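Engineer: Following this message is one structure expressed as structure tokens.
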Amino acid sequence: MTPGSNIPLSVTRVTVDVTAPVRLDVSGLLLTADGKVRSDDDFIFYNQPAGQGVTYRSGGGSAPDSITVDTTAVPPGIEKIVVTASPDAAGQTFQGIEPTATIRSADDNSVLASFTPPQLGAETALVIVEVYLRNGAWKARAVGQGYSNGLAGIATDFGVTVEEPAAPAPVAPPAPTLQTPVAPPAPPITAPPVTAPAAPPAPPAAPSAPAPGAGKINLDKGRVNLQKNQTVSLTKGGSPFLSQVKMGLGWEPAYRGKDIDLDASVIAYGPQRNHIDSCYFGKLSIVNGAIKHSGDNLTGEGGGDDEVIVVDLGRLPQEVTGLVFTVNSFSGQKFTEVAKAYCRLLDAATGEELVRFDLTTAEPQTGVMMAKLIKQFSGEWEMTALGNFVKSRTVRGMVKPSAQSL
């Protein structure tokens, strides 16, 4: 699986084994529709190994730790179980020790899917996969969301309050953790007071993407404004919404009167992140015409999109499962010389703008990955805003970093 991809679950009881080159602490959290636990009883880990429909099993250091979910026993109101992991050694990051989650049938141990989060660095805890309920059916999704403040960061994000441990004088107190590497039990975990929940962020005035970490959205409420790393499903009412889309990319010079020559491209990948083809000003049509480029804009001047790429999702070959949209400066101008760079997804039939991502930051680089489209196991497509800068003046130099972003 790749980050963001999902599979339907063909069995009612699944086990998620998590392995890595080092000993891990694995846990599971039962979440309601608002993405929060109901109480500390919904946090399943080594000190609390059983909950409603969810159990933890220790591998003892010689076998994987695992979380088992019995979807028939998950209580009403619980819509998601997230599986998390953290290195057992205090302060250790996941850099160079990427974990692998294997999703199996809990009854016959057959493998349903596996996932290894890519590009890990300073993360000390991860949400690796989630088992979730969608339209009455249970699915599993690869996540790979990292935290730099350990399991305490994950617990806090999902509504669990972690109490500070007492500081032994005269040594400064350690950062809050859910486990120490020695025998004493973890500090107590307390659910947030029911009468005084944390105030949620104010809703946006117009339909837009949720705050970071609030999850995936769809097109049910109309046009969506994405922030970096947020994802929107190209579905409406639970059904695929579009078969043909346009990705419009635009930019303006940061300095009045100055031309800026950028090139928009799209790179097509297969399920193993294998490069299939690239569509750009030098190759305006790929994959039998299912992807077409509008041609090169040499200045960036004028209103509207500077370059447009049309994608016929319904005509894409089966082996195309990922698309990454990029912009490069062949002439060597840096993105610090660009103003108002954006990408927007439109309904090719009506011209209606569906999704927009405005690049609000700039780096002195010559390439940027703007967005990606990923095909899910169900056949639906999801768009994720990227905004990641790289040093590359041509689409050829974007192939490898774009594959790593999938």
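Here's how to read the names in the structure tokens: chain A, B, ... by the order shown, residue numbers from 1 in each chain, ligand numbers from 1 in the order shown.
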Which residues, written as a ChimeraX atom specification, have at least one atom at most 10 Å from Asp347 of chain A, with only C-alpha atoms counted and residues fewer than 6 positions away on the same chain left out?

Structural biologist: /A:241-247,310,353-355

Engineer: I'd like the contact shell of Asp358 of chain A - 12 Å cut-off, only C-alpha atoms, skipping same-chain residues fewer than 5 positions apart - returned as a list in words.

Structural biologist: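 These residues fall inside the cut-off: Val224, Asn225, Leu226, Gln227, Lys228, Gly248, Leu249, Gly250, Trp251, Ala339, Lys340, Ala341, Tyr342, Cys343, Arg344, Leu345, Met370, Ala371, Ala385, Leu386 and Gly387 of chain A.
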
Engineer: Based on the selection just made, write N, CA and C atoms of those residues as a PDB file, in the first residue's frame.

Structural biologist:
```
ATOM      1  N   VAL A 224     -13.505  23.059  -2.610  1.00  0.00           N
ATOM      2  CA  VAL A 224     -12.651  22.822  -1.447  1.00  0.00           C
ATOM      3  C   VAL A 224     -11.344  23.588  -1.606  1.00  0.00           C
ATOM      4  N   ASN A 225     -10.926  24.284  -0.554  1.00  0.00           N
ATOM      5  CA  ASN A 225      -9.600  24.891  -0.495  1.00  0.00           C
ATOM      6  C   ASN A 225      -8.690  23.989   0.340  1.00  0.00           C
ATOM      7  N   LEU A 226      -7.640  23.466  -0.265  1.00  0.00           N
ATOM      8  CA  LEU A 226      -6.734  22.584   0.451  1.00  0.00           C
ATOM      9  C   LEU A 226      -5.562  23.353   1.030  1.00  0.00           C
ATOM     10  N   GLN A 227      -5.092  22.886   2.178  1.00  0.00           N
ATOM     11  CA  GLN A 227      -3.823  23.316   2.713  1.00  0.00           C
ATOM     12  C   GLN A 227      -2.802  22.205   2.451  1.00  0.00           C
ATOM     13  N   LYS A 228      -1.533  22.529   2.628  1.00  0.00           N
ATOM     14  CA  LYS A 228      -0.469  21.576   2.361  1.00  0.00           C
ATOM     15  C   LYS A 228      -0.702  20.277   3.130  1.00  0.00           C
ATOM     16  N   GLY A 248      -5.390  22.953 -13.595  1.00  0.00           N
ATOM     17  CA  GLY A 248      -4.864  24.231 -14.030  1.00  0.00           C
ATOM     18  C   GLY A 248      -3.769  24.696 -13.088  1.00  0.00           C
ATOM     19  N   LEU A 249      -2.641  25.096 -13.641  1.00  0.00           N
ATOM     20  CA  LEU A 249      -1.530  25.588 -12.828  1.00  0.00           C
ATOM     21  C   LEU A 249      -1.201  27.011 -13.272  1.00  0.00           C
ATOM     22  N   GLY A 250      -1.010  27.891 -12.302  1.00  0.00           N
ATOM     23  CA  GLY A 250      -0.757  29.283 -12.637  1.00  0.00           C
ATOM     24  C   GLY A 250       0.239  29.929 -11.707  1.00  0.00           C
ATOM     25  N   TRP A 251       0.809  31.033 -12.162  1.00  0.00           N
ATOM     26  CA  TRP A 251       1.804  31.763 -11.372  1.00  0.00           C
ATOM     27  C   TRP A 251       1.922  33.170 -11.926  1.00  0.00           C
ATOM     28  N   ALA A 339       5.154  34.775  -7.617  1.00  0.00           N
ATOM     29  CA  ALA A 339       4.067  35.160  -6.724  1.00  0.00           C
ATOM     30  C   ALA A 339       2.804  34.400  -7.114  1.00  0.00           C
ATOM     31  N   LYS A 340       2.014  34.066  -6.138  1.00  0.00           N
ATOM     32  CA  LYS A 340       0.673  33.511  -6.358  1.00  0.00           C
ATOM     33  C   LYS A 340       0.673  32.227  -7.182  1.00  0.00           C
ATOM     34  N   ALA A 341       1.615  31.344  -6.946  1.00  0.00           N
ATOM     35  CA  ALA A 341       1.570  30.044  -7.615  1.00  0.00           C
ATOM     36  C   ALA A 341       0.436  29.212  -7.022  1.00  0.00           C
ATOM     37  N   TYR A 342      -0.280  28.500  -7.871  1.00  0.00           N
ATOM     38  CA  TYR A 342      -1.416  27.713  -7.393  1.00  0.00           C
ATOM     39  C   TYR A 342      -1.665  26.555  -8.355  1.00  0.00           C
ATOM     40  N   CYS A 343      -2.464  25.602  -7.905  1.00  0.00           N
ATOM     41  CA  CYS A 343      -3.038  24.621  -8.810  1.00  0.00           C
ATOM     42  C   CYS A 343      -4.501  24.467  -8.441  1.00  0.00           C
ATOM     43  N   ARG A 344      -5.309  24.139  -9.426  1.00  0.00           N
ATOM     44  CA  ARG A 344      -6.741  23.957  -9.167  1.00  0.00           C
ATOM     45  C   ARG A 344      -7.290  22.865 -10.061  1.00  0.00           C
ATOM     46  N   LEU A 345      -8.175  22.069  -9.496  1.00  0.00           N
ATOM     47  CA  LEU A 345      -8.787  20.960 -10.208  1.00  0.00           C
ATOM     48  C   LEU A 345     -10.178  21.380 -10.666  1.00  0.00           C
ATOM     49  N   MET A 370       3.409  20.099  -6.786  1.00  0.00           N
ATOM     50  CA  MET A 370       2.230  20.834  -6.354  1.00  0.00           C
ATOM     51  C   MET A 370       1.165  19.923  -5.733  1.00  0.00           C
ATOM     52  N   ALA A 371       0.850  18.818  -6.387  1.00  0.00           N
ATOM     53  CA  ALA A 371      -0.244  17.970  -5.908  1.00  0.00           C
ATOM     54  C   ALA A 371      -0.088  16.572  -6.485  1.00  0.00           C
ATOM     55  N   ALA A 385      -2.665  17.945  -1.584  1.00  0.00           N
ATOM     56  CA  ALA A 385      -1.801  19.096  -1.821  1.00  0.00           C
ATOM     57  C   ALA A 385      -0.408  18.785  -1.284  1.00  0.00           C
ATOM     58  N   LEU A 386       0.633  19.085  -2.049  1.00  0.00           N
ATOM     59  CA  LEU A 386       1.999  18.778  -1.645  1.00  0.00           C
ATOM     60  C   LEU A 386       2.795  20.037  -1.294  1.00  0.00           C
ATOM     61  N   GLY A 387       3.155  20.842  -2.292  1.00  0.00           N
ATOM     62  CA  GLY A 387       3.927  22.050  -2.017  1.00  0.00           C
ATOM     63  C   GLY A 387       5.344  21.768  -1.565  1.00  0.00           C
TER      64      GLY A 387
END
```

Engineer: What lies within 9 Å of segment 98-114 of chain A using only C-alpha atoms, ignoring chain neighbours under 2 positions off, as a PyMOL selection string?

Structural biologist: chain A and resi 1+7+9-22+24+68-70+85+94-96+116-120+128-129+140+142

Engineer: Deliver the residues from the most recent selection as a file, using C-alpha atoms, as a PDB file, in the first residue's frame.

Structural biologist:
```pdb
ATOM      1  CA  MET A   1       0.000   0.000   0.000  1.00  0.00           C
ATOM      2  CA  ILE A   7      -8.603  -1.610   0.847  1.00  0.00           C
ATOM      3  CA  LEU A   9     -11.868  -5.680   4.455  1.00  0.00           C
ATOM      4  CA  SER A  10     -13.152  -9.058   3.349  1.00  0.00           C
ATOM      5  CA  VAL A  11     -13.030 -10.463   6.897  1.00  0.00           C
ATOM      6  CA  THR A  12     -14.589  -9.271  10.154  1.00  0.00           C
ATOM      7  CA  ARG A  13     -11.529  -9.855  12.335  1.00  0.00           C
ATOM      8  CA  VAL A  14      -8.192  -8.361  11.314  1.00  0.00           C
ATOM      9  CA  THR A  15      -4.801  -8.263  12.990  1.00  0.00           C
ATOM     10  CA  VAL A  16      -2.250  -5.536  12.291  1.00  0.00           C
ATOM     11  CA  ASP A  17       1.311  -6.745  12.971  1.00  0.00           C
ATOM     12  CA  VAL A  18       3.941  -4.005  13.229  1.00  0.00           C
ATOM     13  CA  THR A  19       7.622  -4.859  12.750  1.00  0.00           C
ATOM     14  CA  ALA A  20      10.845  -2.845  12.641  1.00  0.00           C
ATOM     15  CA  PRO A  21      14.572  -3.446  13.144  1.00  0.00           C
ATOM     16  CA  VAL A  22      14.129  -2.305  16.781  1.00  0.00           C
ATOM     17  CA  LEU A  24       8.452  -1.029  19.230  1.00  0.00           C
ATOM     18  CA  THR A  68      -6.528  -7.093  16.570  1.00  0.00           C
ATOM     19  CA  VAL A  69      -9.859  -5.530  15.620  1.00  0.00           C
ATOM     20  CA  ASP A  70     -13.092  -7.515  15.732  1.00  0.00           C
ATOM     21  CA  ALA A  85       3.873   2.698  17.025  1.00  0.00           C
ATOM     22  CA  PHE A  94      12.236   6.285  13.021  1.00  0.00           C
ATOM     23  CA  GLN A  95      15.004   7.473  10.721  1.00  0.00           C
ATOM     24  CA  GLY A  96      16.521   4.395   9.115  1.00  0.00           C
ATOM     25  CA  THR A 116       5.879   0.741   5.029  1.00  0.00           C
ATOM     26  CA  PRO A 117       5.730   4.540   5.543  1.00  0.00           C
ATOM     27  CA  PRO A 118       8.361   6.284   3.360  1.00  0.00           C
ATOM     28  CA  GLN A 119      10.679   9.219   4.078  1.00  0.00           C
ATOM     29  CA  LEU A 120      10.813   9.064   7.882  1.00  0.00           C
ATOM     30  CA  ILE A 128       0.671   3.686  10.710  1.00  0.00           C
ATOM     31  CA  VAL A 129      -2.711   2.372   9.573  1.00  0.00           C
ATOM     32  CA  ALA A 140      -8.172  -0.287   6.112  1.00  0.00           C
ATOM     33  CA  ALA A 142      -2.333   3.300   5.018  1.00  0.00           C
TER      34      ALA A 142
END
```

Engineer: When DSSP works through the backbone of this structure, what residues of segment 34-99 of chain A end up as strand (DSSP E), shown as a list in words?

Structural biologist: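 For segment 34-99 of chain A, the strand (DSSP E) set is Phe43, Ile44, Val54, Thr55, Tyr56, Arg57, Asp65, Ser66, Ile67, Thr68, Val69, Asp70, Lys80, Ile81, Val82, Val83, Thr84, Ala85, Ser86 and Pro87 of chain A.
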
Engineer: With C-alpha atoms retained, could you export that selection as a PDB file, in the first residue's frame?

Structural biologist:
```
ATOM      1  CA  PHE A  43      -6.602   3.604  24.509  1.00  0.00           C
ATOM      2  CA  ILE A  44      -5.343   0.024  24.054  1.00  0.00           C
ATOM      3  CA  VAL A  54      -9.864  -4.201  20.096  1.00  0.00           C
ATOM      4  CA  THR A  55      -6.998  -6.109  21.742  1.00  0.00           C
ATOM      5  CA  TYR A  56      -3.234  -5.693  22.037  1.00  0.00           C
ATOM      6  CA  ARG A  57      -0.730  -8.553  21.902  1.00  0.00           C
ATOM      7  CA  ASP A  65       3.439  -6.509  18.556  1.00  0.00           C
ATOM      8  CA  SER A  66      -0.059  -6.418  17.122  1.00  0.00           C
ATOM      9  CA  ILE A  67      -3.508  -4.906  17.382  1.00  0.00           C
ATOM     10  CA  THR A  68      -6.528  -7.093  16.570  1.00  0.00           C
ATOM     11  CA  VAL A  69      -9.859  -5.530  15.620  1.00  0.00           C
ATOM     12  CA  ASP A  70     -13.092  -7.515  15.732  1.00  0.00           C
ATOM     13  CA  LYS A  80     -12.150   4.326  13.380  1.00  0.00           C
ATOM     14  CA  ILE A  81      -9.363   2.387  15.094  1.00  0.00           C
ATOM     15  CA  VAL A  82      -5.893   3.845  14.541  1.00  0.00           C
ATOM     16  CA  VAL A  83      -2.803   1.687  15.030  1.00  0.00           C
ATOM     17  CA  THR A  84       0.245   3.557  16.316  1.00  0.00           C
ATOM     18  CA  ALA A  85       3.873   2.698  17.025  1.00  0.00           C
ATOM     19  CA  SER A  86       6.866   4.240  18.750  1.00  0.00           C
ATOM     20  CA  PRO A  87      10.434   2.977  19.292  1.00  0.00           C
TER      21      PRO A  87
END
```

Engineer: Could you list, as a tab-separated table (two decimals) with all heavy atoms, in the first residue's frame, every residue within 9 Å of Gly146 of chain A, counting only C-alpha atoms and ignoring same-chain residues fewer than 2 positions away?

Structural biologist:
```tsv
chain	number	residue	atom	x	y	z
A	120	LEU	N	10.89	8.73	6.47
A	120	LEU	CA	10.81	9.06	7.88
A	120	LEU	C	12.11	9.71	8.34
A	120	LEU	O	13.18	9.41	7.83
A	120	LEU	CB	10.51	7.81	8.71
A	120	LEU	CG	9.18	7.12	8.38
A	120	LEU	CD1	8.97	5.92	9.29
A	120	LEU	CD2	8.01	8.08	8.47
A	122	ALA	N	12.59	12.66	11.75
A	122	ALA	CA	12.60	13.01	13.17
A	122	ALA	C	11.42	12.45	13.93
A	122	ALA	O	11.27	12.69	15.14
A	122	ALA	CB	12.62	14.54	13.31
A	123	GLU	N	10.56	11.66	13.28
A	123	GLU	CA	9.37	11.14	13.95
A	123	GLU	C	9.74	10.17	15.07
A	123	GLU	O	10.57	9.29	14.88
A	123	GLU	CB	8.45	10.43	12.95
A	123	GLU	CG	7.89	11.33	11.86
A	123	GLU	CD	8.77	11.41	10.63
A	123	GLU	OE1	9.94	10.98	10.72
A	123	GLU	OE2	8.29	11.90	9.59
A	124	THR	N	9.12	10.32	16.21
A	124	THR	CA	9.31	9.37	17.32
A	124	THR	C	8.05	8.56	17.58
A	124	THR	O	8.03	7.71	18.48
A	124	THR	CB	9.73	10.11	18.60
A	124	THR	OG1	8.76	11.12	18.90
A	124	THR	CG2	11.09	10.76	18.43
A	125	ALA	N	7.01	8.83	16.83
A	125	ALA	CA	5.77	8.03	16.91
A	125	ALA	C	5.04	8.19	15.59
A	125	ALA	O	5.19	9.19	14.89
A	125	ALA	CB	4.89	8.51	18.07
A	126	LEU	N	4.26	7.16	15.25
A	126	LEU	CA	3.54	7.15	13.97
A	126	LEU	C	2.14	6.61	14.15
A	126	LEU	O	1.90	5.69	14.93
A	126	LEU	CB	4.24	6.24	12.96
A	126	LEU	CG	5.57	6.65	12.34
A	126	LEU	CD1	6.11	5.48	11.53
A	126	LEU	CD2	5.38	7.86	11.45
A	127	VAL	N	1.18	7.21	13.43
A	127	VAL	CA	-0.06	6.52	13.12
A	127	VAL	C	0.21	5.78	11.82
A	127	VAL	O	0.42	6.39	10.78
A	127	VAL	CB	-1.24	7.49	12.95
A	127	VAL	CG1	-2.48	6.74	12.48
A	127	VAL	CG2	-1.53	8.21	14.26
A	128	ILE	N	0.25	4.45	11.88
A	128	ILE	CA	0.67	3.69	10.71
A	128	ILE	C	-0.52	3.35	9.82
A	128	ILE	O	-0.52	3.67	8.63
A	128	ILE	CB	1.40	2.40	11.14
A	128	ILE	CG1	2.60	2.74	12.03
A	128	ILE	CG2	1.89	1.63	9.90
A	128	ILE	CD1	3.39	1.55	12.45
A	144	GLY	N	0.67	6.62	7.88
A	144	GLY	CA	2.05	7.07	7.95
A	144	GLY	C	2.24	8.47	8.49
A	144	GLY	O	3.21	9.14	8.17
A	148	SER	N	6.69	14.12	16.38
A	148	SER	CA	8.04	14.26	16.92
A	148	SER	C	8.05	14.24	18.44
A	148	SER	O	9.11	14.33	19.06
A	148	SER	CB	8.67	15.56	16.41
A	148	SER	OG	7.91	16.68	16.84
A	150	GLY	N	6.51	11.76	20.37
A	150	GLY	CA	6.20	10.44	20.88
A	150	GLY	C	4.72	10.12	20.98
A	150	GLY	O	3.86	10.83	20.45
A	154	ILE	N	0.53	11.72	20.02
A	154	ILE	CA	-0.61	11.04	19.41
A	154	ILE	C	-1.80	11.05	20.37
A	154	ILE	O	-2.93	11.35	19.99
A	154	ILE	CB	-0.23	9.61	19.02
A	154	ILE	CG1	0.77	9.63	17.86
A	154	ILE	CG2	-1.46	8.79	18.66
A	154	ILE	CD1	1.23	8.26	17.42
```

Engineer: Kindly give the distance, in Å, that separates atom CA of Leu313 of chain A and atom CA of Trp381 of chain A, rounded to a single decimal.

Structural biologist: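 Between atom CA of Leu313 of chain A and atom CA of Trp381 of chain A the gap works out to 8.6 Å.
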
Engineer: Of the residues A:Pro364, A:Gly4, A:Leu29, A:Gly379, which is the one nearest to Gln145 of chain A, using only C-alpha atoms?

Structural biologist: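 Nearest to Gln145 of chain A: A:Gly4.
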
Engineer: Hey, which of A:Ala33, A:Phe330, A:Lys400, A:Met383 ends up closest to Asn218 of chain A? Count only C-alpha atoms.

Structural biologist: A:Met383
